[in-house]
file model.tsv (TSV, C-alpha atoms)
chain	number	residue	atom	x	y	z
B	1493	MET	CA	-73.02	44.91	9.63
B	1494	LEU	CA	-72.25	45.66	6.01
B	1495	ALA	CA	-71.89	42.80	3.58
B	1496	PRO	CA	-68.35	42.24	2.28
B	1497	VAL	CA	-67.57	43.62	-1.17
B	1498	THR	CA	-67.78	41.03	-3.92
B	1499	THR	CA	-67.06	41.14	-7.63
B	1500	ALA	CA	-70.79	41.63	-8.25
B	1501	HIS	CA	-70.62	45.00	-6.46
B	1502	TYR	CA	-67.97	46.16	-8.91
B	1503	LEU	CA	-69.98	44.89	-11.87
B	1504	VAL	CA	-73.06	46.83	-10.76
B	1505	LEU	CA	-70.98	49.97	-10.24
B	1506	SER	CA	-69.50	49.53	-13.71
B	1507	ALA	CA	-72.98	49.17	-15.22
B	1508	ILE	CA	-74.13	52.36	-13.45
B	1509	LEU	CA	-71.14	54.31	-14.76
B	1510	LEU	CA	-71.77	52.95	-18.25
B	1511	LEU	CA	-75.40	54.09	-18.15
B	1512	ILE	CA	-74.45	57.58	-16.95
B	1513	GLY	CA	-71.99	57.84	-19.82
B	1514	VAL	CA	-74.62	56.71	-22.32
B	1515	VAL	CA	-77.10	59.28	-20.98
B	1516	GLY	CA	-74.44	61.96	-21.37
B	1517	ILE	CA	-73.71	60.98	-24.96
B	1518	LEU	CA	-77.36	60.80	-25.98
B	1519	THR	CA	-78.63	64.01	-24.38
B	1520	ARG	CA	-75.89	66.65	-24.19
B	1521	ARG	CA	-75.21	69.15	-26.99
B	1522	ASN	CA	-71.69	70.22	-26.10
B	1523	VAL	CA	-69.08	68.14	-27.98
B	1524	ILE	CA	-66.54	68.45	-25.16
B	1525	VAL	CA	-69.01	67.00	-22.67
B	1526	LEU	CA	-69.76	64.19	-25.12
B	1527	MET	CA	-66.08	63.28	-25.15
B	1528	MET	CA	-66.00	63.37	-21.36
B	1529	SER	CA	-68.92	60.94	-21.35
B	1530	ILE	CA	-66.86	58.62	-23.56
B	1531	GLU	CA	-64.12	58.78	-20.92
B	1532	ILE	CA	-66.69	57.76	-18.27
B	1533	ILE	CA	-67.68	54.76	-20.38
B	1534	LEU	CA	-64.06	53.71	-20.88
B	1535	ASN	CA	-63.59	53.93	-17.11
B	1536	ALA	CA	-66.61	51.69	-16.55
B	1537	VAL	CA	-65.01	49.14	-18.87
B	1538	ASN	CA	-61.74	49.36	-16.97
B	1539	VAL	CA	-63.45	48.76	-13.62
B	1540	ASN	CA	-65.05	45.66	-15.11
B	1541	LEU	CA	-61.76	44.34	-16.49
B	1542	ILE	CA	-59.87	44.88	-13.27
B	1543	ALA	CA	-62.65	43.42	-11.11
B	1544	PHE	CA	-62.44	40.22	-13.13
B	1545	ALA	CA	-58.65	40.29	-13.05
B	1546	ARG	CA	-58.94	40.33	-9.26
B	1547	ASN	CA	-61.63	37.68	-9.20
B	1548	LEU	CA	-59.69	35.22	-11.36
B	1549	ASP	CA	-56.33	36.25	-9.90
B	1550	GLN	CA	-54.80	36.87	-13.32
B	1551	LEU	CA	-52.98	39.90	-14.62
B	1552	GLU	CA	-54.33	39.85	-18.16
B	1553	GLY	CA	-57.21	42.11	-17.19
B	1554	GLN	CA	-54.85	44.74	-15.87
B	1555	VAL	CA	-52.71	44.62	-19.01
B	1556	PHE	CA	-55.86	45.03	-21.06
B	1557	ALA	CA	-56.87	48.04	-18.97
B	1558	ILE	CA	-53.50	49.65	-19.75
B	1559	PHE	CA	-54.19	49.24	-23.46
B	1560	VAL	CA	-57.67	50.69	-22.99
B	1561	ILE	CA	-56.13	53.76	-21.36
B	1562	CYS	CA	-53.66	53.97	-24.24
B	1563	VAL	CA	-56.54	53.95	-26.73
B	1564	ALA	CA	-58.33	56.59	-24.64
B	1565	VAL	CA	-55.30	58.87	-24.96
B	1566	ALA	CA	-55.18	58.46	-28.73
B	1567	GLU	CA	-58.93	59.04	-28.97
B	1568	ALA	CA	-58.80	62.17	-26.83
B	1569	ALA	CA	-55.83	63.63	-28.74
B	1570	VAL	CA	-57.31	63.14	-32.21
B	1571	GLY	CA	-60.91	63.85	-31.16
B	1572	LEU	CA	-60.07	67.12	-29.47
B	1573	GLY	CA	-57.93	68.03	-32.50
B	1574	ILE	CA	-60.95	67.47	-34.74
B	1575	LEU	CA	-63.00	69.60	-32.35
B	1576	ILE	CA	-60.50	72.45	-32.65
B	1577	ALA	CA	-60.54	72.23	-36.45
B	1578	LEU	CA	-64.34	72.23	-36.32
B	1579	PHE	CA	-64.47	75.23	-34.04
B	1580	ARG	CA	-62.10	77.10	-36.32
B	1581	ASN	CA	-64.42	76.58	-39.30
B	1582	LYS	CA	-67.88	76.68	-37.73
B	1583	GLU	CA	-67.45	78.70	-34.50
B	1584	THR	CA	-69.69	76.30	-32.60
B	1585	VAL	CA	-69.32	73.32	-30.29
B	1586	GLN	CA	-72.98	72.24	-30.25
B	1587	VAL	CA	-73.62	68.96	-32.04
B	1588	ASP	CA	-77.03	69.85	-33.41
B	1589	GLU	CA	-75.71	72.98	-35.11
B	1590	ILE	CA	-73.29	70.89	-37.16
B	1591	ASP	CA	-75.90	69.69	-39.63
B	1592	LEU	CA	-74.52	70.55	-43.07
B	1593	LEU	CA	-74.86	66.96	-44.29
B	1594	LYS	CA	-78.28	66.46	-42.78
B	1595	TRP	CA	-80.60	67.97	-45.39
N	314	MET	CA	-58.11	45.67	0.44
N	315	PRO	CA	-54.34	45.88	0.16
N	316	GLU	CA	-52.58	46.06	3.47
N	317	GLY	CA	-51.02	49.27	4.66
N	318	TYR	CA	-53.20	51.66	2.66
N	319	LEU	CA	-55.64	52.38	5.47
N	320	PRO	CA	-53.71	55.41	6.84
N	321	ILE	CA	-53.48	56.83	3.32
N	322	PHE	CA	-57.22	56.50	2.78
N	323	ILE	CA	-57.99	58.13	6.12
N	324	PHE	CA	-55.51	60.90	5.33
N	325	LEU	CA	-57.18	61.40	1.93
N	326	ILE	CA	-60.62	61.73	3.47
N	327	CYS	CA	-59.31	64.24	6.04
N	328	ALA	CA	-57.62	66.22	3.27
N	329	ILE	CA	-60.84	66.39	1.27
N	330	LEU	CA	-63.01	67.28	4.25
N	331	PHE	CA	-60.71	69.91	5.78
N	332	PRO	CA	-61.10	72.68	3.16
N	333	LEU	CA	-64.79	71.88	2.64
N	334	VAL	CA	-65.58	72.20	6.35
N	335	LEU	CA	-63.49	75.35	6.70
N	336	LEU	CA	-65.15	77.00	3.69
N	337	ALA	CA	-68.58	76.09	5.04
N	338	ILE	CA	-67.80	77.54	8.50
N	339	PHE	CA	-66.29	80.77	7.20
N	340	ARG	CA	-69.20	81.33	4.88
N	341	TYR	CA	-71.31	82.03	7.95
N	342	LEU	CA	-68.65	83.80	10.02
N	343	ARG	CA	-67.29	86.39	7.60
N	344	PRO	CA	-69.01	89.64	6.70
N	345	SER	CA	-69.96	89.84	3.03
N	346	LEU	CA	-69.88	93.34	1.49
N	347	PRO	CA	-68.93	92.93	-2.17
N	348	ILE	CA	-68.06	96.10	-4.10
N	349	PRO	CA	-66.75	96.06	-7.70
N	350	VAL	CA	-63.19	97.00	-6.78
N	351	LYS	CA	-63.05	94.18	-4.24
N	352	LEU	CA	-64.25	91.63	-6.77
N	353	GLU	CA	-61.52	92.46	-9.31
N	354	ALA	CA	-58.70	89.98	-9.81
N	355	TYR	CA	-55.69	91.04	-7.78
N	356	GLU	CA	-52.60	91.43	-9.97
N	357	CYS	CA	-50.05	92.92	-7.57
N	358	GLY	CA	-51.77	96.30	-7.69
N	359	ILE	CA	-51.81	96.95	-11.44
N	360	ARG	CA	-55.09	96.91	-13.32
N	361	ALA	CA	-55.99	93.56	-14.86
N	362	ALA	CA	-55.01	93.51	-18.54
N	363	SER	CA	-57.84	91.26	-19.70
N	364	ASN	CA	-60.36	88.69	-18.61
N	365	ALA	CA	-58.80	85.43	-17.41
N	366	ARG	CA	-61.44	83.48	-19.35
N	367	GLY	CA	-60.12	84.75	-22.67
N	368	ARG	CA	-59.16	82.43	-25.49
N	369	TYR	CA	-55.76	80.72	-25.46
N	370	THR	CA	-53.73	80.07	-28.57
N	371	VAL	CA	-53.76	76.65	-30.19
N	372	ARG	CA	-50.00	76.19	-29.65
N	373	PHE	CA	-50.62	75.16	-26.07
N	374	TYR	CA	-52.77	72.32	-27.32
N	375	ILE	CA	-50.13	70.98	-29.70
N	376	VAL	CA	-47.56	70.94	-26.91
N	377	ALA	CA	-50.13	69.26	-24.64
N	378	ILE	CA	-50.77	66.50	-27.21
N	379	LEU	CA	-47.07	65.75	-27.48
N	380	PHE	CA	-46.82	65.76	-23.67
N	381	VAL	CA	-49.67	63.28	-23.20
N	382	VAL	CA	-48.39	60.91	-25.88
N	383	PHE	CA	-44.93	60.80	-24.36
N	384	ASP	CA	-46.58	60.40	-20.95
N	385	VAL	CA	-48.05	57.12	-22.21
N	386	GLU	CA	-44.63	56.13	-23.43
N	387	THR	CA	-43.25	56.63	-19.90
N	388	ILE	CA	-46.03	54.47	-18.49
N	389	PHE	CA	-44.95	51.65	-20.78
N	390	LEU	CA	-41.27	52.12	-20.00
N	391	PHE	CA	-41.77	52.01	-16.23
N	392	PRO	CA	-42.53	48.24	-15.92
N	393	TRP	CA	-39.60	47.55	-18.24
N	394	ALA	CA	-37.31	49.52	-15.92
N	395	VAL	CA	-38.25	47.49	-12.84
N	396	ARG	CA	-37.74	44.18	-14.69
N	397	PHE	CA	-34.71	45.31	-16.67
N	398	ARG	CA	-32.41	42.46	-15.58
N	399	GLN	CA	-34.83	39.58	-16.05
N	400	LEU	CA	-35.92	40.72	-19.50
N	401	ALA	CA	-32.28	41.24	-20.56
N	402	TRP	CA	-31.57	41.87	-24.26
N	403	PHE	CA	-35.01	40.67	-25.29
N	404	GLY	CA	-36.58	43.58	-23.41
N	405	VAL	CA	-34.04	46.02	-24.79
N	406	ALA	CA	-34.84	44.98	-28.35
N	407	GLU	CA	-38.56	45.23	-27.69
N	408	VAL	CA	-38.34	48.69	-26.23
N	409	ALA	CA	-35.97	49.80	-28.98
N	410	VAL	CA	-38.60	48.94	-31.60
N	411	PHE	CA	-41.26	50.71	-29.52
N	412	LEU	CA	-39.18	53.85	-29.13
N	413	SER	CA	-38.03	53.96	-32.74
N	414	ILE	CA	-41.65	54.00	-33.93
N	415	LEU	CA	-42.49	56.82	-31.56
N	416	ILE	CA	-39.38	58.80	-32.46
N	417	VAL	CA	-40.57	58.78	-36.08
N	418	GLY	CA	-43.59	60.73	-34.86
N	419	TYR	CA	-41.41	63.08	-32.88
N	420	ILE	CA	-39.17	63.79	-35.87
N	421	TRP	CA	-42.25	64.32	-38.05
N	422	ALA	CA	-43.68	66.83	-35.58
N	423	TYR	CA	-40.30	68.57	-35.39
N	424	LYS	CA	-40.01	68.78	-39.20
N	425	LYS	CA	-43.53	70.17	-39.47
N	426	GLY	CA	-42.63	72.88	-37.01
N	427	ALA	CA	-45.12	71.77	-34.37
N	428	LEU	CA	-42.59	72.52	-31.66
N	429	GLU	CA	-41.76	76.04	-32.83
N	430	TRP	CA	-43.28	78.90	-30.91
N	431	VAL	CA	-43.83	81.36	-33.74
L	1464	MET	CA	-65.74	46.05	7.23
L	1465	THR	CA	-63.39	48.95	6.52
L	1466	GLU	CA	-63.11	47.63	2.98
L	1467	THR	CA	-66.87	47.89	2.52
L	1468	VAL	CA	-66.95	51.43	3.88
L	1469	PHE	CA	-64.18	52.55	1.58
L	1470	PHE	CA	-65.76	50.78	-1.39
L	1471	TYR	CA	-68.96	52.73	-0.88
L	1472	CYS	CA	-67.04	56.00	-0.38
L	1473	PHE	CA	-65.13	55.58	-3.64
L	1474	ALA	CA	-68.16	54.29	-5.52
L	1475	ALA	CA	-70.22	57.28	-4.35
L	1476	LEU	CA	-67.42	59.64	-5.45
L	1477	ALA	CA	-67.20	57.98	-8.88
L	1478	VAL	CA	-70.95	57.96	-9.49
L	1479	ALA	CA	-71.60	61.46	-8.12
L	1480	GLY	CA	-68.74	62.88	-10.21
L	1481	ALA	CA	-70.07	61.14	-13.31
L	1482	ILE	CA	-73.60	62.44	-12.74
L	1483	LEU	CA	-72.33	65.99	-12.23
L	1484	THR	CA	-70.23	65.64	-15.40
L	1485	VAL	CA	-73.26	64.99	-17.57
L	1486	THR	CA	-75.48	67.60	-15.89
L	1487	MET	CA	-73.32	70.67	-15.18
L	1488	ARG	CA	-73.75	73.72	-17.36
L	1489	ASN	CA	-70.22	75.10	-17.46
L	1490	ALA	CA	-67.72	72.82	-19.25
L	1491	VAL	CA	-64.96	73.64	-16.75
L	1492	HIS	CA	-67.17	72.40	-13.91
L	1493	CYS	CA	-67.87	69.26	-15.94
L	1494	ALA	CA	-64.14	68.65	-16.29
L	1495	ILE	CA	-63.54	69.13	-12.57
L	1496	SER	CA	-66.33	66.73	-11.60
L	1497	LEU	CA	-64.91	64.23	-14.08
L	1498	ILE	CA	-61.55	64.54	-12.29
L	1499	ALA	CA	-63.33	63.71	-8.99
L	1500	SER	CA	-64.98	60.72	-10.65
L	1501	LEU	CA	-61.67	59.48	-12.05
L	1502	GLY	CA	-60.15	59.84	-8.59
L	1503	GLY	CA	-62.89	57.65	-7.13
L	1504	VAL	CA	-62.25	55.02	-9.81
L	1505	ALA	CA	-58.53	55.21	-9.01
L	1506	GLY	CA	-59.34	54.39	-5.37
L	1507	LEU	CA	-61.33	51.37	-6.54
L	1508	TYR	CA	-58.32	50.18	-8.55
L	1509	LEU	CA	-56.25	50.33	-5.39
L	1510	MET	CA	-58.83	48.24	-3.54
L	1511	LEU	CA	-58.70	45.67	-6.35
L	1512	HIS	CA	-54.92	45.23	-5.87
L	1513	ALA	CA	-54.07	47.05	-9.09
L	1514	GLU	CA	-51.47	49.44	-7.70
L	1515	PHE	CA	-49.84	50.16	-11.03
L	1516	LEU	CA	-53.15	51.06	-12.64
L	1517	PHE	CA	-53.92	53.33	-9.71
L	1518	ALA	CA	-50.75	55.28	-10.50
L	1519	VAL	CA	-51.50	55.20	-14.23
L	1520	GLN	CA	-55.00	56.51	-13.62
L	1521	ILE	CA	-53.67	59.47	-11.64
L	1522	VAL	CA	-50.68	60.28	-13.85
L	1523	LEU	CA	-52.25	59.65	-17.23
L	1524	TYR	CA	-55.95	60.27	-16.87
L	1525	ILE	CA	-56.04	63.05	-14.32
L	1526	GLY	CA	-52.67	64.54	-15.14
L	1527	GLY	CA	-52.71	64.03	-18.90
L	1528	ILE	CA	-56.08	63.59	-20.54
L	1529	MET	CA	-57.96	65.97	-18.25
L	1530	VAL	CA	-55.30	68.64	-18.79
L	1531	LEU	CA	-55.83	68.16	-22.51
L	1532	PHE	CA	-59.57	68.65	-22.01
L	1533	LEU	CA	-59.05	71.79	-19.93
L	1534	PHE	CA	-56.72	73.23	-22.58
L	1535	VAL	CA	-59.37	72.70	-25.24
L	1536	ILE	CA	-62.07	74.23	-23.04
L	1537	MET	CA	-59.92	77.33	-22.67
L	1538	LEU	CA	-59.14	77.28	-26.37
L	1539	VAL	CA	-62.74	77.32	-27.58
L	1540	ASN	CA	-64.12	79.92	-25.19
L	1541	LEU	CA	-67.38	78.39	-24.06
L	1542	GLU	CA	-69.05	81.34	-22.36
L	1543	ALA	CA	-71.62	81.56	-25.14
L	1544	ALA	CA	-72.17	77.80	-25.10
L	1545	ALA	CA	-72.79	77.78	-21.35
L	1546	ARG	CA	-75.68	80.19	-21.77
L	1547	GLU	CA	-77.45	78.13	-24.44
L	1548	ARG	CA	-79.60	75.02	-24.08
L	1549	GLN	CA	-77.55	72.16	-22.67
L	1550	PHE	CA	-79.65	69.22	-23.83
L	1551	HIS	CA	-80.71	68.78	-27.42
L	1552	ARG	CA	-84.24	68.46	-28.67
L	1553	SER	CA	-84.44	64.69	-28.67
L	1554	TRP	CA	-83.20	64.33	-25.11
L	1555	VAL	CA	-86.31	62.35	-24.14
L	1556	GLY	CA	-85.47	59.75	-26.77
L	1557	GLY	CA	-81.89	59.55	-25.53
L	1558	LEU	CA	-83.02	59.14	-21.96
L	1559	LEU	CA	-85.48	56.45	-23.03
L	1560	CYS	CA	-82.73	54.54	-24.88
L	1561	ALA	CA	-80.45	54.69	-21.85
L	1562	GLY	CA	-83.31	53.74	-19.53
L	1563	GLY	CA	-84.15	50.80	-21.78
L	1564	THR	CA	-80.54	49.63	-21.67
L	1565	GLY	CA	-80.56	49.97	-17.89
L	1566	ALA	CA	-83.84	48.06	-17.58
L	1567	MET	CA	-82.44	45.32	-19.81
L	1568	LEU	CA	-79.28	45.03	-17.70
L	1569	ALA	CA	-81.37	44.96	-14.50
L	1570	TRP	CA	-83.65	42.32	-15.98
L	1571	PHE	CA	-80.72	40.14	-16.98
L	1572	TRP	CA	-79.32	40.63	-13.53
L	1573	LEU	CA	-82.54	39.62	-11.78
L	1574	ARG	CA	-83.13	36.66	-14.08
L	1575	GLY	CA	-79.59	35.42	-14.17
L	1576	ALA	CA	-78.35	36.18	-10.68
L	1577	GLY	CA	-78.81	32.51	-9.77
L	1578	THR	CA	-77.04	31.17	-12.85
L	1579	LEU	CA	-74.19	33.67	-12.77
L	1580	ARG	CA	-71.77	31.80	-10.57
L	1581	LEU	CA	-68.66	33.85	-10.23
L	1582	PRO	CA	-65.91	31.82	-8.65
L	1583	PRO	CA	-65.32	33.23	-5.19
L	1584	ALA	CA	-62.52	35.75	-5.27
L	1585	VAL	CA	-59.33	33.85	-4.63
L	1586	GLN	CA	-56.70	35.24	-2.32
L	1587	PRO	CA	-54.07	36.82	-4.59
L	1588	THR	CA	-51.23	34.37	-5.06
L	1589	PRO	CA	-48.07	35.80	-3.57
L	1590	ARG	CA	-45.98	36.66	-6.57
L	1591	GLU	CA	-42.33	37.42	-6.52
L	1592	GLY	CA	-42.01	41.20	-6.39
L	1593	GLY	CA	-45.01	43.50	-6.47
L	1594	ASN	CA	-47.78	44.34	-8.88
L	1595	VAL	CA	-45.58	46.29	-11.28
L	1596	GLU	CA	-42.97	43.53	-11.49
L	1597	SER	CA	-45.45	40.79	-12.28
L	1598	LEU	CA	-47.30	43.08	-14.68
L	1599	ALA	CA	-44.03	43.73	-16.53
L	1600	MET	CA	-43.49	40.03	-17.19
L	1601	VAL	CA	-47.01	39.60	-18.60
L	1602	LEU	CA	-46.81	42.81	-20.64
L	1603	PHE	CA	-43.40	42.20	-22.17
L	1604	ARG	CA	-43.61	38.42	-22.63
L	1605	ASP	CA	-47.20	37.47	-23.46
L	1606	TYR	CA	-48.44	40.75	-24.89
L	1607	LEU	CA	-45.48	41.67	-27.06
L	1608	VAL	CA	-47.36	42.39	-30.27
L	1609	PRO	CA	-50.08	44.58	-28.68
L	1610	PHE	CA	-47.31	46.50	-26.94
L	1611	GLU	CA	-45.57	47.24	-30.23
L	1612	LEU	CA	-48.88	48.08	-31.89
L	1613	ALA	CA	-49.59	50.56	-29.08
L	1614	SER	CA	-46.60	52.57	-30.29
L	1615	LEU	CA	-48.12	52.66	-33.78
L	1616	LEU	CA	-51.39	53.90	-32.27
L	1617	LEU	CA	-49.54	56.64	-30.43
L	1618	LEU	CA	-47.72	57.59	-33.65
L	1619	VAL	CA	-51.08	57.96	-35.37
L	1620	ALA	CA	-52.32	60.03	-32.42
L	1621	ILE	CA	-49.37	62.43	-32.74
L	1622	VAL	CA	-49.84	62.81	-36.49
L	1623	GLY	CA	-53.62	63.15	-36.27
L	1624	GLY	CA	-53.63	65.59	-33.38
L	1625	VAL	CA	-50.98	67.86	-34.88
L	1626	MET	CA	-52.54	67.75	-38.36
L	1627	MET	CA	-55.96	68.69	-37.00
L	1628	ALA	CA	-54.86	71.39	-34.57
L	1629	LYS	CA	-52.21	73.15	-36.61
L	1630	LYS	CA	-53.34	75.95	-38.86
L	1631	ARG	CA	-50.75	75.58	-41.57
L	1632	ILE	CA	-48.96	72.29	-42.03

call {"tool": "encode", "arguments": {"input": "model.tsv", "output": "C-alpha cells"}}
result
Amino acid sequence: MLAPVTTAHYLVLSAILLLIGVVGILTRRNVIVLMMSIEIILNAVNVNLIAFARNLDQLEGQVFAIFVICVAVAEAAVGLGILIALFRNKETVQVDEIDLLKW
Amino acid sequence: MPEGYLPIFIFLICAILFPLVLLAIFRYLRPSLPIPVKLEAYECGIRAASNARGRYTVRFYIVAILFVVFDVETIFLFPWAVRFRQLAWFGVAEVAVFLSILIVGYIWAYKKGALEWV
Amino acid sequence: MTETVFFYCFAALAVAGAILTVTMRNAVHCAISLIASLGGVAGLYLMLHAEFLFAVQIVLYIGGIMVLFLFVIMLVNLEAAARERQFHRSWVGGLLCAGGTGAMLAWFWLRGAGTLRLPPAVQPTPREGGNVESLAMVLFRDYLVPFELASLLLLVAIVGGVMMAKKRI
C-alpha cells in the first residue's frame, strides 16, 4: 500500500525542481536554456506556495502564485527581448562568449 | 484529489500512451529504406523553397510579446467576470484603472509602429 | 490510493521533463521537455484543488510563455549552437554548488523533520461557488494594490520587450 500524499511530498518535489533549475543555470552555456531553467525554478516556487495554500486551506497562496506567473511573463518578455538585441550585435547565444566586460 | 477528475486523468494517460505505443510498434513492423527523395519535406509536389529551420523575422516576436501580455490581462479579467455582480461598481472601477494602464502600453506600441508589418 | 498513484505520475513527468530540459542538446527539444514538465506541474495544481491555476498554467505558461520561447529559438537559428559545447568550463563548480545546496536542504530535512510540524491538511472548507469565484473575492478585495501594480509591471514588459526587439524605434 502506498502512503497517502502529504504536504511534505510536495515540498520535496519542489526542492528537487529547484535544484534541477539551479544546476541548469550554473552549468549550461545557452542563454535560452538558462531562461528555461529560471522558469523551472519559478514553477518550483509555485508548487510550494500552492501546497501550503492547500495545507492551511487559504487562498492567499494561490493569489500569490498568480502574481508569480505574472512576473514570469514580464521576465520572459524583457529577457528574451534582451537576448534578441544581444544576438543582433554579437551573433552568439553562449554566455561565456559574452565577456567584453570581463578583462 | 478533487472529485470527478479521475476519468480525465485516465483519459490523459491513454492519450499520451496511445501514440507512443503505436510509434514503438510500427518502428519494428515497417520496412525502412530511406532515399534522399523520400526524406525531403513534402510540399504538395513542388520542390521545397528553403530549409524549414531557417531564421524567422523579429516581427513575429513583437506580436508574440503583445499577445502574451494581453493573455495575462485576460487571466486577471476572468475572475472579475465570474464575480461581476458581487463586486459591483467597486470591481468596475478597479478593472478600469487596470485596463487604462495597460491601454497606455498598447497606444505606445501602436504609435511606435510595433504593430505595422512593414 | 489513486491520489498517490497520480501524484507520482505527475511528479515523475515534472522531474523528468526538467532534467531533460537542462541536459538536451537542441534548444527546441529543451523547450518541448519543459512543456512536458509544466504539464506535470499543472496536474499537481489540479490535485491541490487549484483549478484556476491549472487553467492558468496551461493557457499562460504552455500557450504563452513557451510559444514566446519557441519563437525566439526560431529567430536566433541555433544550429551552430547545438553543435558546440553545451556546458561551460566551470560546470564542475556549478554542479558542486547545486549539490551543496541539495545536501544542505537534505540535512535540514533530516535534522528538522521531527520539529517541522505541519498542521495536518484540513478538508477544504466548502465555499460558496468554486475555486475561481472564491479566488476572485480574495484577489479583488484583499489584494487590490498588487493587482493594480501588476498592470504597471505588464506595461513595463510591453515597453521593454518592444524596445529591445525592434530594430528602429

call {"tool": "residues_near_point", "arguments": {"input": "model.tsv", "point": "(-58.9, 62.4, 0.5)", "cutoff": "10 Å", "atoms": "all atoms listed in the file", "output": "PyMOL selection string"}}
result
(chain N and resi 321-331) or (chain L and resi 1502-1503+1506)

call {"tool": "interface_residues", "arguments": {"input": "model.tsv", "of": "chain N", "to": "chain B", "cutoff": "8 Å", "atoms": "only C-alpha atoms", "output": "list in words"}}
result
Ile378, Val381, Val382 and Val385 of chain N

call {"tool": "closest_residue", "arguments": {"input": "model.tsv", "among": "L:Leu1617, L:Leu1497, L:Val1608, L:Ala1479", "to": "L:Leu1533", "atoms": "only C-alpha atoms"}}
result
L:Leu1497

call {"tool": "residues_around", "arguments": {"input": "model.tsv", "residues": "L:Ile1498", "least_positions_apart": "4", "cutoff": "10 Å", "atoms": "all atoms listed in the file", "output": "list in words"}}
result
Ala1477, Gly1480, Ala1481, Thr1484, His1492, Cys1493, Ala1494, Gly1502, Gly1503, Val1504, Ile1521, Tyr1524, Ile1525, Gly1526, Ile1528, Met1529 and Val1530 of chain L

call {"tool": "write_last_selection", "arguments": {"input": "model.tsv", "atoms": "C-alpha atoms", "output": "PDB file, in the frame of the given file"}}
result
ATOM      1  CA  ALA L1477     -67.200  57.980  -8.880  1.00  0.00           C
ATOM      2  CA  GLY L1480     -68.740  62.880 -10.210  1.00  0.00           C
ATOM      3  CA  ALA L1481     -70.070  61.140 -13.310  1.00  0.00           C
ATOM      4  CA  THR L1484     -70.230  65.640 -15.400  1.00  0.00           C
ATOM      5  CA  HIS L1492     -67.170  72.400 -13.910  1.00  0.00           C
ATOM      6  CA  CYS L1493     -67.870  69.260 -15.940  1.00  0.00           C
ATOM      7  CA  ALA L1494     -64.140  68.650 -16.290  1.00  0.00           C
ATOM      8  CA  GLY L1502     -60.150  59.840  -8.590  1.00  0.00           C
ATOM      9  CA  GLY L1503     -62.890  57.650  -7.130  1.00  0.00           C
ATOM     10  CA  VAL L1504     -62.250  55.020  -9.810  1.00  0.00           C
ATOM     11  CA  ILE L1521     -53.670  59.470 -11.640  1.00  0.00           C
ATOM     12  CA  TYR L1524     -55.950  60.270 -16.870  1.00  0.00           C
ATOM     13  CA  ILE L1525     -56.040  63.050 -14.320  1.00  0.00           C
ATOM     14  CA  GLY L1526     -52.670  64.540 -15.140  1.00  0.00           C
ATOM     15  CA  ILE L1528     -56.080  63.590 -20.540  1.00  0.00           C
ATOM     16  CA  MET L1529     -57.960  65.970 -18.250  1.00  0.00           C
ATOM     17  CA  VAL L1530     -55.300  68.640 -18.790  1.00  0.00           C
TER      18      VAL L1530
END

call {"tool": "residues_around", "arguments": {"input": "model.tsv", "residues": "L:Ala1628", "least_positions_apart": "5", "cutoff": "8 Å", "atoms": "all atoms listed in the file", "output": "CSV table (one decimal) with C-alpha atoms, in the frame of the given file"}}
result
chain,number,residue,atom,x,y,z
B,1573,GLY,CA,-57.9,68.0,-32.5
B,1574,ILE,CA,-61.0,67.5,-34.7
B,1576,ILE,CA,-60.5,72.4,-32.6
B,1577,ALA,CA,-60.5,72.2,-36.4
N,371,VAL,CA,-53.8,76.6,-30.2
N,374,TYR,CA,-52.8,72.3,-27.3
N,375,ILE,CA,-50.1,71.0,-29.7

call {"tool": "interface_residues", "arguments": {"input": "model.tsv", "of": "chain L", "to": "chain N", "cutoff": "7 Å", "atoms": "all atoms listed in the file", "output": "JSON, numbers by chain"}}
result
{"L": [1466, 1510, 1511, 1512, 1519, 1523, 1527, 1528, 1531, 1534, 1535, 1537, 1538, 1539, 1540, 1595, 1596, 1599, 1611, 1614, 1615, 1617, 1618, 1621, 1622, 1624, 1625, 1628, 1632]}

call {"tool": "axis_aligned_box", "arguments": {"input": "model.tsv", "around": "stretch 405-424 of chain N", "padding_each_side": "5 Å", "output": "lines of an AutoDock Vina configuration file"}}
result
center_x = -38.9
center_y = 56.9
center_z = -32.0
size_x = 19.6
size_y = 33.8
size_z = 24.4

call {"tool": "closest_residue", "arguments": {"input": "model.tsv", "among": "L:Leu1573, L:Cys1472, L:Ile1482, L:Ala1499", "to": "chain B", "atoms": "only C-alpha atoms"}}
result
L:Ile1482
